[in-house]
Structures are given as C-alpha cells and as structure tokens.
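Raw final_12.cif, mmCIF, C-alpha atoms:
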```
data_target
#
loop_
_atom_site.label_atom_id
_atom_site.label_comp_id
_atom_site.auth_asym_id
_atom_site.auth_seq_id
_atom_site.Cartn_x
_atom_site.Cartn_y
_atom_site.Cartn_z
CA MET A 1 103.02 90.66 105.24
CA ILE A 2 104.40 87.13 105.47
CA PHE A 3 108.19 87.09 105.64
CA ARG A 4 110.28 83.99 106.23
CA GLN A 5 114.07 83.76 106.29
CA LEU A 6 115.12 80.16 105.62
CA PHE A 7 118.65 78.81 106.05
CA ASP A 8 120.68 76.06 104.38
CA SER A 9 123.49 75.21 106.77
CA VAL A 10 125.55 73.28 104.18
CA SER A 11 126.07 76.28 101.88
CA GLY A 12 125.34 79.06 104.37
CA THR A 13 122.54 80.28 102.09
CA TYR A 14 119.56 82.39 103.13
CA SER A 15 116.36 82.06 101.11
CA TYR A 16 113.43 84.41 101.61
CA LEU A 17 109.72 83.65 101.23
CA LEU A 18 107.47 86.71 100.78
CA ALA A 19 103.72 87.15 100.53
CA SER A 20 101.27 89.92 101.29
CA ARG A 21 98.69 87.70 102.99
CA PRO A 22 97.79 84.10 103.90
CA GLY A 23 96.07 82.44 100.95
CA GLY A 24 97.75 84.78 98.47
CA GLU A 25 100.59 84.79 95.98
CA ALA A 26 104.16 84.20 97.14
CA LEU A 27 107.70 84.82 95.90
CA ILE A 28 110.93 83.13 96.96
CA LEU A 29 114.46 84.52 96.64
CA ASP A 30 117.57 82.33 96.22
CA PRO A 31 116.05 78.88 96.82
CA VAL A 32 118.34 75.88 97.42
CA LEU A 33 117.56 72.58 95.66
CA GLU A 34 117.91 70.43 98.78
CA LYS A 35 115.40 72.60 100.66
CA VAL A 36 112.59 72.45 98.08
CA ASP A 37 110.60 69.93 100.15
CA ARG A 38 110.70 72.36 103.08
CA TYR A 39 109.63 75.31 100.93
CA CYS A 40 106.69 73.34 99.51
CA GLN A 41 105.64 72.23 102.98
CA LEU A 42 105.70 75.85 104.18
CA LEU A 43 103.69 76.97 101.15
CA ARG A 44 101.02 74.39 102.00
CA GLU A 45 100.99 75.33 105.69
CA LEU A 46 100.61 79.04 104.92
CA ASP A 47 98.15 78.38 102.06
CA LEU A 48 100.32 80.26 99.58
CA LYS A 49 100.60 79.98 95.79
CA LEU A 50 104.21 80.36 94.66
CA VAL A 51 104.19 82.46 91.49
CA LYS A 52 107.83 83.61 91.20
CA ALA A 53 111.19 82.12 92.16
CA VAL A 54 114.12 84.54 91.88
CA ASP A 55 117.88 84.02 91.93
CA THR A 56 119.93 87.13 92.69
CA HIS A 57 122.79 85.71 90.55
CA LEU A 58 124.20 82.45 89.20
CA HIS A 59 125.30 80.68 92.37
CA ALA A 60 128.62 78.83 92.64
CA ASP A 61 128.21 77.17 96.04
CA HIS A 62 124.86 75.39 95.74
CA VAL A 63 122.47 74.10 93.11
CA THR A 64 119.50 76.40 92.73
CA GLY A 65 115.96 75.31 93.50
CA LEU A 66 114.49 77.35 90.62
CA GLY A 67 113.92 74.46 88.23
CA GLU A 68 112.52 72.07 90.81
CA LEU A 69 110.17 74.71 92.23
CA ARG A 70 108.96 75.50 88.69
CA ASN A 71 108.34 71.80 88.05
CA ARG A 72 106.41 71.35 91.29
CA THR A 73 104.47 74.61 91.54
CA HIS A 74 104.43 75.91 87.92
CA CYS A 75 105.90 79.19 89.16
CA MET A 76 107.86 81.61 86.99
CA THR A 77 111.65 81.64 87.23
CA VAL A 78 113.30 85.08 87.35
CA MET A 79 116.92 86.24 86.91
CA GLY A 80 118.75 89.28 85.58
CA ASP A 81 119.32 90.06 81.92
CA GLN A 82 123.00 89.10 82.10
CA THR A 83 122.46 85.57 83.41
CA LYS A 84 124.21 82.67 81.66
CA ALA A 85 121.34 80.34 82.62
CA ASP A 86 119.86 78.78 79.50
CA VAL A 87 116.21 79.71 80.01
CA VAL A 88 114.40 81.59 82.73
CA ALA A 89 110.79 82.67 82.34
CA MET A 90 111.46 86.34 83.03
CA ARG A 91 114.65 88.38 82.77
CA VAL A 92 114.83 91.70 84.57
CA ALA A 93 117.02 94.79 84.33
CA ASP A 94 117.90 97.74 86.54
CA GLY A 95 114.80 99.79 87.40
CA ASP A 96 112.30 97.03 86.64
CA LYS A 97 109.76 95.81 89.20
CA VAL A 98 109.14 92.23 90.25
CA THR A 99 105.58 92.08 91.51
CA ILE A 100 103.21 89.63 93.10
CA GLU A 101 99.82 90.30 94.65
CA GLY A 102 100.29 93.12 97.17
CA LEU A 103 104.10 93.33 96.93
CA SER A 104 106.60 94.98 94.62
CA LEU A 105 110.40 94.63 94.55
CA GLU A 106 112.53 97.23 92.81
CA VAL A 107 115.28 95.67 90.71
CA MET A 108 118.81 97.04 91.26
CA TYR A 109 121.69 95.89 89.06
CA THR A 110 124.63 95.49 91.45
CA PRO A 111 127.42 93.66 89.61
CA GLY A 112 130.82 92.87 91.06
CA HIS A 113 130.51 89.51 92.81
CA THR A 114 129.39 88.23 89.39
CA ASP A 115 128.40 90.12 86.26
CA ASP A 116 124.76 89.02 86.73
CA SER A 117 124.37 90.08 90.38
CA TYR A 118 121.18 91.90 91.35
CA SER A 119 119.71 93.30 94.55
CA TYR A 120 116.00 93.71 95.27
CA LEU A 121 114.62 96.63 97.28
CA MET A 122 111.28 96.28 99.02
CA GLY A 123 110.29 99.19 101.23
CA ASP A 124 112.32 99.06 104.42
CA ARG A 125 114.57 96.17 103.36
CA VAL A 126 116.99 95.25 100.60
CA PHE A 127 117.93 91.74 99.52
CA THR A 128 121.56 92.09 98.49
CA GLY A 129 122.43 88.61 97.21
CA ASP A 130 126.20 88.21 97.55
CA THR A 131 127.00 91.84 96.76
CA LEU A 132 126.82 93.17 100.31
CA LEU A 133 127.09 90.69 103.17
CA ILE A 134 126.84 91.31 106.90
CA ARG A 135 130.29 92.68 107.83
CA GLY A 136 131.62 91.49 104.50
CA THR A 137 131.22 91.61 100.72
CA GLY A 138 131.00 88.92 98.06
CA ARG A 139 134.25 87.72 96.52
CA THR A 140 135.04 89.12 93.08
CA ASP A 141 137.60 86.67 91.68
CA PHE A 142 135.50 84.47 89.34
CA GLN A 143 132.35 84.45 87.14
CA ASN A 144 133.36 87.77 85.54
CA GLY A 145 133.55 89.37 88.96
CA SER A 146 135.03 92.84 89.34
CA ALA A 147 136.08 94.56 92.55
CA ARG A 148 135.81 97.92 90.77
CA ALA A 149 132.22 97.20 89.69
CA GLN A 150 131.37 95.95 93.17
CA TYR A 151 132.73 99.10 94.79
CA ASP A 152 130.42 101.12 92.53
CA SER A 153 127.44 98.86 93.30
CA ILE A 154 127.99 99.14 97.04
CA PHE A 155 129.15 102.71 97.53
CA ASN A 156 127.13 104.39 94.79
CA ARG A 157 123.97 102.31 94.96
CA LEU A 158 123.37 100.29 98.12
CA LEU A 159 124.99 102.66 100.64
CA LYS A 160 122.91 105.52 99.19
CA LEU A 161 119.80 103.85 100.65
CA PRO A 162 118.52 105.19 104.00
CA ASP A 163 120.66 104.07 106.96
CA GLU A 164 117.71 102.29 108.57
CA THR A 165 117.16 100.05 105.51
CA MET A 166 117.47 96.42 106.63
CA VAL A 167 120.06 94.31 104.79
CA PHE A 168 119.16 90.68 104.07
CA PRO A 169 122.03 88.91 102.23
CA ALA A 170 122.01 85.57 100.40
CA HIS A 171 124.75 84.15 102.62
CA ASP A 172 126.17 84.32 106.10
CA TYR A 173 128.76 82.10 107.75
CA LYS A 174 128.85 83.57 111.27
CA GLY A 175 125.22 83.29 112.38
CA ASP A 176 124.09 86.86 111.66
CA THR A 177 120.64 87.14 110.11
CA VAL A 178 120.08 90.83 109.37
CA SER A 179 121.91 94.15 109.42
CA THR A 180 121.20 97.71 108.27
CA ILE A 181 122.82 99.98 105.74
CA GLY A 182 123.93 102.28 108.57
CA GLU A 183 125.54 99.41 110.49
CA GLU A 184 127.43 98.23 107.42
CA LYS A 185 128.71 101.76 106.72
CA ARG A 186 130.11 101.95 110.25
CA TYR A 187 131.23 98.41 111.04
CA ASN A 188 131.84 96.46 107.83
CA PRO A 189 135.65 96.18 107.69
CA ARG A 190 135.73 95.97 103.89
CA LEU A 191 133.90 99.28 103.57
CA GLN A 192 136.40 101.29 105.59
CA VAL A 193 138.40 102.14 102.47
CA ARG A 194 139.24 105.60 101.16
CA SER A 195 139.09 104.88 97.43
CA VAL A 196 138.07 102.38 94.79
CA ASP A 197 141.75 101.49 94.25
CA GLU A 198 142.14 100.62 97.92
CA TYR A 199 139.04 98.39 97.71
CA VAL A 200 140.37 96.67 94.57
CA GLU A 201 143.67 95.98 96.33
CA LEU A 202 141.87 94.64 99.42
CA MET A 203 139.75 92.23 97.34
CA ALA A 204 142.76 91.11 95.27
CA ASN A 205 144.57 89.96 98.40
CA LEU A 206 141.83 87.79 99.92
CA LYS A 207 143.27 84.60 98.33
CA LEU A 208 140.14 82.55 99.00
CA PRO A 209 139.82 78.88 97.95
CA ASN A 210 137.16 78.09 95.36
CA PRO A 211 133.75 77.02 96.72
CA LYS A 212 133.62 73.23 97.19
CA MET A 213 130.52 72.90 95.00
CA MET A 214 131.70 75.26 92.27
CA ASP A 215 132.41 72.64 89.56
CA VAL A 216 129.00 71.05 90.14
CA ALA A 217 126.85 74.07 90.94
CA ILE A 218 127.77 76.42 88.09
CA PRO A 219 127.09 73.95 85.24
CA ALA A 220 123.87 72.77 86.92
CA ASN A 221 122.67 76.32 87.48
CA MET A 222 123.31 77.21 83.84
CA HIS A 223 120.82 74.54 82.75
CA VAL A 224 117.57 75.17 84.59
CA GLY A 225 115.35 75.70 81.53
CA LEU A 226 112.18 73.68 81.00
CA HIS A 227 112.70 71.03 78.31
CA GLN A 228 110.29 71.92 75.52
CA GLU A 229 111.17 69.23 72.94
CA GLU A 230 108.19 67.07 73.93
CA LEU A 231 105.74 69.77 72.84
CA GLU A 232 107.42 69.90 69.46
CA LYS A 233 107.07 66.12 69.06
CA GLU A 234 103.37 66.42 69.92
CA GLY A 235 102.87 69.13 67.31
CA ARG A 236 102.15 71.70 70.01
CA ALA A 237 105.03 74.06 69.20
CA LEU A 238 105.33 76.59 66.40
CA SER A 239 108.73 77.87 65.37
CA ALA A 240 109.07 81.64 65.24
CA ILE A 241 108.97 81.49 61.42
CA GLU A 242 105.76 79.41 61.46
CA ALA A 243 104.22 81.78 63.99
CA ILE A 244 105.11 84.84 61.89
CA ARG A 245 103.48 83.25 58.84
CA SER A 246 100.31 82.58 60.84
CA LEU A 247 99.96 86.17 62.04
CA GLY A 248 96.50 87.47 61.22
CA ARG A 249 95.01 84.07 60.39
CA PRO A 250 91.36 83.95 61.53
CA ASP A 251 91.72 80.42 62.96
CA ILE A 252 94.57 81.40 65.33
CA LEU A 253 94.19 83.17 68.68
CA LEU A 254 97.49 84.54 69.99
CA VAL A 255 97.62 84.78 73.79
CA ASP A 256 100.34 86.90 75.43
CA LEU A 257 101.29 85.52 78.87
CA ARG A 258 103.75 88.27 79.78
CA GLU A 259 103.15 90.90 82.42
CA THR A 260 102.12 94.44 81.53
CA ASN A 261 105.54 95.94 82.22
CA GLU A 262 107.18 93.37 79.91
CA ARG A 263 104.74 94.24 77.14
CA MET A 264 105.38 97.96 77.52
CA LYS A 265 109.15 97.47 77.53
CA HIS A 266 109.58 94.85 74.80
CA GLY A 267 106.53 95.37 72.57
CA MET A 268 103.42 93.38 71.66
CA LEU A 269 102.08 91.23 68.83
CA GLU A 270 99.19 92.68 66.89
CA GLY A 271 95.82 91.19 67.79
CA ALA A 272 97.10 89.14 70.73
CA LEU A 273 94.89 88.62 73.76
CA HIS A 274 96.60 89.46 77.06
CA THR A 275 96.30 86.91 79.87
CA PRO A 276 99.22 87.13 82.35
CA TYR A 277 100.60 83.70 83.19
CA PRO A 278 99.68 83.67 86.93
CA SER A 279 95.98 83.85 85.96
CA ILE A 280 96.12 81.08 83.34
CA GLU A 281 94.63 78.30 85.47
CA GLU A 282 91.62 80.47 86.33
CA SER A 283 91.20 81.44 82.69
CA LEU A 284 91.19 77.80 81.57
CA LYS A 285 88.53 76.62 84.03
CA PRO A 286 84.91 76.12 82.88
CA GLY A 287 83.51 79.64 82.58
CA GLY A 288 87.01 81.11 82.40
CA MET A 289 87.63 83.79 79.81
CA LEU A 290 90.13 81.92 77.67
CA ARG A 291 88.15 78.67 77.66
CA GLU A 292 84.97 80.50 76.69
CA VAL A 293 86.65 82.45 73.87
CA ALA A 294 88.25 79.29 72.47
CA ALA A 295 84.92 77.42 72.62
CA ALA A 296 82.93 80.27 71.06
CA THR A 297 85.33 80.92 68.18
CA GLY A 298 86.82 77.48 67.54
CA ARG A 299 90.21 79.10 67.10
CA ARG A 300 93.49 77.41 68.00
CA VAL A 301 95.03 79.06 71.05
CA VAL A 302 98.73 79.83 70.54
CA PHE A 303 100.44 80.98 73.73
CA PHE A 304 103.62 83.05 73.80
CA CYS A 305 105.79 84.71 76.43
CA ALA A 306 109.33 86.10 76.61
CA PHE A 307 111.38 82.92 76.03
CA GLY A 308 108.90 80.04 75.74
CA GLU A 309 108.99 78.87 79.36
CA ARG A 310 105.62 80.18 80.53
CA SER A 311 103.93 79.32 77.24
CA ALA A 312 105.14 75.69 77.43
CA MET A 313 103.65 75.43 80.93
CA ALA A 314 100.43 77.04 79.68
CA VAL A 315 100.07 74.39 76.95
CA ALA A 316 100.46 71.69 79.62
CA ALA A 317 97.90 73.44 81.84
CA ALA A 318 95.46 73.70 78.93
CA LYS A 319 95.85 69.99 78.19
CA GLU A 320 95.11 69.17 81.84
CA ALA A 321 92.03 71.40 81.65
CA GLY A 322 90.79 69.54 78.57
CA LEU A 323 91.59 72.32 76.07
CA LEU A 324 93.55 70.37 73.47
CA ASN A 325 93.67 72.71 70.47
CA THR A 326 96.61 74.73 71.78
CA ALA A 327 100.28 75.34 70.98
CA HIS A 328 103.03 77.79 71.86
CA ILE A 329 105.70 79.82 70.09
CA ALA A 330 108.99 78.09 70.83
CA GLY A 331 111.52 80.59 72.15
CA GLY A 332 108.83 83.22 72.70
CA LEU A 333 109.07 86.86 71.69
CA ASP A 334 112.85 86.62 71.82
CA ALA A 335 112.84 84.08 68.96
CA TRP A 336 110.07 86.02 67.16
CA LYS A 337 112.18 89.19 67.11
CA LYS A 338 115.33 87.33 66.04
CA ALA A 339 113.35 85.89 63.11
CA GLY A 340 112.31 89.39 62.06
CA GLY A 341 108.71 89.25 63.27
CA PRO A 342 106.79 92.55 63.55
CA VAL A 343 106.27 94.04 67.00
CA VAL A 344 103.90 96.81 68.06
CA GLN A 345 105.38 99.26 70.59
#
```
Please re-express this file's structure in structure tokens.
Amino acid sequence: MIFRQLFDSVSGTYSYLLASRPGGEALILDPVLEKVDRYCQLLRELDLKLVKAVDTHLHADHVTGLGELRNRTHCMTVMGDQTKADVVAMRVADGDKVTIEGLSLEVMYTPGHTDDSYSYLMGDRVFTGDTLLIRGTGRTDFQNGSARAQYDSIFNRLLKLPDETMVFPAHDYKGDTVSTIGEEKRYNPRLQVRSVDEYVELMANLKLPNPKMMDVAIPANMHVGLHQEELEKEGRALSAIEAIRSLGRPDILLVDLRETNERMKHGMLEGALHTPYPSIEESLKPGGMLREVAAATGRRVVFFCAFGERSAMAVAAAKEAGLLNTAHIAGGLDAWKKAGGPVVQ
C-alpha cells in the first residue's frame, strides 16, 4: 500500500494520500488548496490516478483543495450527507464504504466538532478528522458543534476500536504525526473525564479564539460545486422534468455513473446502462463499450449521477473523445426524485 501523510504548516493540516499500488487508483483525505501543486506532482511521481478527494468535514481554518483537484484530475469529491457544501459528487453516511481499487474505507459519522464530521476506518488505522486529535479533541463551539455529540462520537464509537488502531487526525499543532486509540485513552487529557457532563463543562471553558481564516474558509468551502451552467447553454443538460418525459424513448440511452453501493441504496432508473464514473474515459475510447453502443445504436447518451457533478464531467470527457451526441441530467438523481421521477429499488 502507498500511504503518504502530507502537512500544511500554515493551518496545521494533515492530508493523506492512499493507494493500493503504484500505477493504480488513489484517494486523498482533507486536501489543502495551497498544496494542490504538491499533490499533483506526487501523483505524477507515483504514477497514480486520483479518483476520490474526501473532506472529513467543512473546514474553518483553510480552503479545501477538493474543487481544484476535481478540476485538474477529474476526480470525484466526497463529503458526508450533512455537509453544507453546495455540490459534492458523492455524499456518504454512517456505515457506507468509500472504495478505490484495492482499498476500502468504512464511513463513521462522528459529529461534535461540526455536525458534518466523519471519520474513516481502514484496517489498522482510523482517520479522525478534527473529532479526535493527538492528546486533544476538536473544538465544539461553532458550525453546529456539540460537546455532548462529540463525547458520544469519541467514547462510544472511536474508543471502542481496538487499542492498537492507529489514529491519524486532520490537524496537529505540536509536531505529533500519529497516535493509537490506546494511547489516547490513557494520555489524552480531555478524555480523563468521568461523565458526559464533565466533558461538556470542560469544552465550554476552553474560550478559544476563532480560526484566523474562518470568515474566508467557511464561505469558500461551501461553494466547491462544479459550475454546470455552460452545459445548459450548449444544450447538453436536461432538467429533471425533461429527463422524466424522455424515459423509455428509443433514441435515448441513459447511463448511470454512480457506484454499485449508491445504486443499491438510492435506487436505479429503469433501462439505464451502468458505467461507474472512474471507468468513463476507458469506456469512451475507440473500442470502449459506451462508444461502441452509441455508434451501433445512434442513440443520444444521457449521463446521470447523484447530484450532476460526475455527469457534467462525463459530458466534457465525451466531447473530448469526439462523442458529441451526449447530455446529462442536471442535479442528478436527487433532482429526478424531487421532481417525482420513478425509481426502481
């Protein structure tokens, strides 16, 4: 496995690059905008294809690299269901899996620092975001934070993991890089409390100043979605209502870009072909499945995904590949459902 811990000294942020092998798919956790050049250089050096960029929560102390990485690498952006970000390609919930080739991360909802805070468990290590820090815990006094919820997330979720589980947080300000669940149980001063009420009182008395970047970072991080208006101007976007009306038409080929677990959880559209987004470039090449089907049938390819992000990128990829008779469903399955479109479970 390839594992890199990368540090931004300005915000004290750790980002993590994961892959199962050189030349394979990669995932990055909590990227920082100013470090995107470095991430892209490392991806080239290790011959990796970035397919997913994940934020553990909406950050207040730095601007996320999600949008810029998506623009440069065409990767999928991932955050939790509760995020206030306008559009991310995939939203996850407790118990879901975030997968790339050869690796799988179990999604754990661990609110408290913010109401959209998640941790990600991968075998012998857990990426805790700002929920559990090394010898500390994330503050709980803004962004719908809750010391009571954080106590539950830490004591009833994270500290139930095996003691030897390595803890990799999203921040550190003292130079520590890794801990373990057992170490934090024994030596983290904020965890030496006897009750949830004692923890709530402790967190209420921290009296911390707001992060310096807070007024810049939060608004910026809420607007990371891919601008899709250009596709509409070009006539390459169908509204959910238009898409519903076209269901079953013989000249339309619906292509579902979501992953199998998303389809099982949220339902499918009848007659849609399934081509997960990470394989789209291969499928559009000469001899690729999607290109061959489109050529043989003459049908217009209409891509869709969860929220329209992946499908917009697929339309752009198809155009680059010379497949021009394509469009996407603006707003994805989310908009389709809101418009009353039928879904097959």
### Message
Can you pull out the residues contacting range 293-307 of chain A? Cut-off 10 Å, using all atoms listed in the file, and skip same-chain residues under 6 positions away; I want them as an NGL selection string.
### Response
:A and (87-91 or 225 or 236-238 or 243 or 249-259 or 262-263 or 266 or 269 or 272-277 or 283-284 or 287 or 313-315 or 318 or 323-336)
Name every residue that the PyMOL selection byres ((chain A and resi 68) around 10) selects in this structure, writing the answer as a PDB file with C-alpha atoms, in the coordinates of the input with chains first and numbers rising.
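Saved to part_10.pdb:
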```
ATOM      1  CA  PRO A  31     116.050  78.880  96.820  1.00  0.00           C
ATOM      2  CA  VAL A  32     118.340  75.880  97.420  1.00  0.00           C
ATOM      3  CA  LEU A  33     117.560  72.580  95.660  1.00  0.00           C
ATOM      4  CA  GLU A  34     117.910  70.430  98.780  1.00  0.00           C
ATOM      5  CA  VAL A  36     112.590  72.450  98.080  1.00  0.00           C
ATOM      6  CA  ASP A  37     110.600  69.930 100.150  1.00  0.00           C
ATOM      7  CA  THR A  64     119.500  76.400  92.730  1.00  0.00           C
ATOM      8  CA  GLY A  65     115.960  75.310  93.500  1.00  0.00           C
ATOM      9  CA  LEU A  66     114.490  77.350  90.620  1.00  0.00           C
ATOM     10  CA  GLY A  67     113.920  74.460  88.230  1.00  0.00           C
ATOM     11  CA  LEU A  69     110.170  74.710  92.230  1.00  0.00           C
ATOM     12  CA  ARG A  70     108.960  75.500  88.690  1.00  0.00           C
ATOM     13  CA  ASN A  71     108.340  71.800  88.050  1.00  0.00           C
ATOM     14  CA  ARG A  72     106.410  71.350  91.290  1.00  0.00           C
ATOM     15  CA  THR A  73     104.470  74.610  91.540  1.00  0.00           C
ATOM     16  CA  HIS A  74     104.430  75.910  87.920  1.00  0.00           C
ATOM     17  CA  CYS A  75     105.900  79.190  89.160  1.00  0.00           C
ATOM     18  CA  VAL A 224     117.570  75.170  84.590  1.00  0.00           C
ATOM     19  CA  LEU A 226     112.180  73.680  81.000  1.00  0.00           C
TER      20      LEU A 226
END
```
### Task
List the residues selected by the PyMOL selection byres ((chain A and resi 212) around 10) in the file shown, writing them as a list in words.
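Selected by the PyMOL selection byres ((chain A and resi 212) around 10) here: Ser11, Ala60, Asp61, His62, Pro209, Asn210, Pro211, Met213, Met214, Asp215, Val216 and Ala217 of chain A.
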For the residues in that selection, give me C-alpha atoms as a compact mmCIF listing (two decimals), in the coordinates of the input.
```txt
# COMPACT_ATOMS: atom_id res chain seq x y z
CA SER A 11 126.07 76.28 101.88
CA ALA A 60 128.62 78.83 92.64
CA ASP A 61 128.21 77.17 96.04
CA HIS A 62 124.86 75.39 95.74
CA PRO A 209 139.82 78.88 97.95
CA ASN A 210 137.16 78.09 95.36
CA PRO A 211 133.75 77.02 96.72
CA MET A 213 130.52 72.90 95.00
CA MET A 214 131.70 75.26 92.27
CA ASP A 215 132.41 72.64 89.56
CA VAL A 216 129.00 71.05 90.14
CA ALA A 217 126.85 74.07 90.94
```
### Residues selected by the PyMOL selection byres ((chain A and resi 203) around 12), written as a PyMOL selection string
chain A and resi 112-113+136-142+145-151+189-191+193+196-202+204-208
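Using all atoms listed in the file, the smallest distance between any of A:Phe3, A:Tyr118, A:Tyr14, A:Phe155 and His171 in chain A comes from A:Tyr14.
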### Message
List as a list in words the protein and nucleic acid residues near Val343 in chain A, meaning an atom at most 7 Å away when only C-alpha atoms are counted, but skip any in the same chain fewer than 2 places from it.
### Response
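Once the nearby chain positions are removed, what remains is Gly267, Met268, Leu269, Gly341 and Gln345 of chain A.
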### Task
Give me, please, the distance in Å between CA of Ala19 in chain A and CA of Asn156 in chain A, quoted to one decimal.
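A separation of 29.6 Å between them.
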### Query
With only C-alpha atoms as the basis for distance, which of A:Thr180, A:Thr99, A:Ser195, A:Asn221 is at the shortest distance from Asp30 in chain A?
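Closest to Asp30 in chain A of all the choices is A:Asn221.
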### Query
Of the candidates A:Ile154, A:Met222, A:Ile134, A:Ala316, which one gets nearest to Tyr187 in chain A if we count only C-alpha atoms?
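The closest residue to Tyr187 in chain A is A:Ile134.
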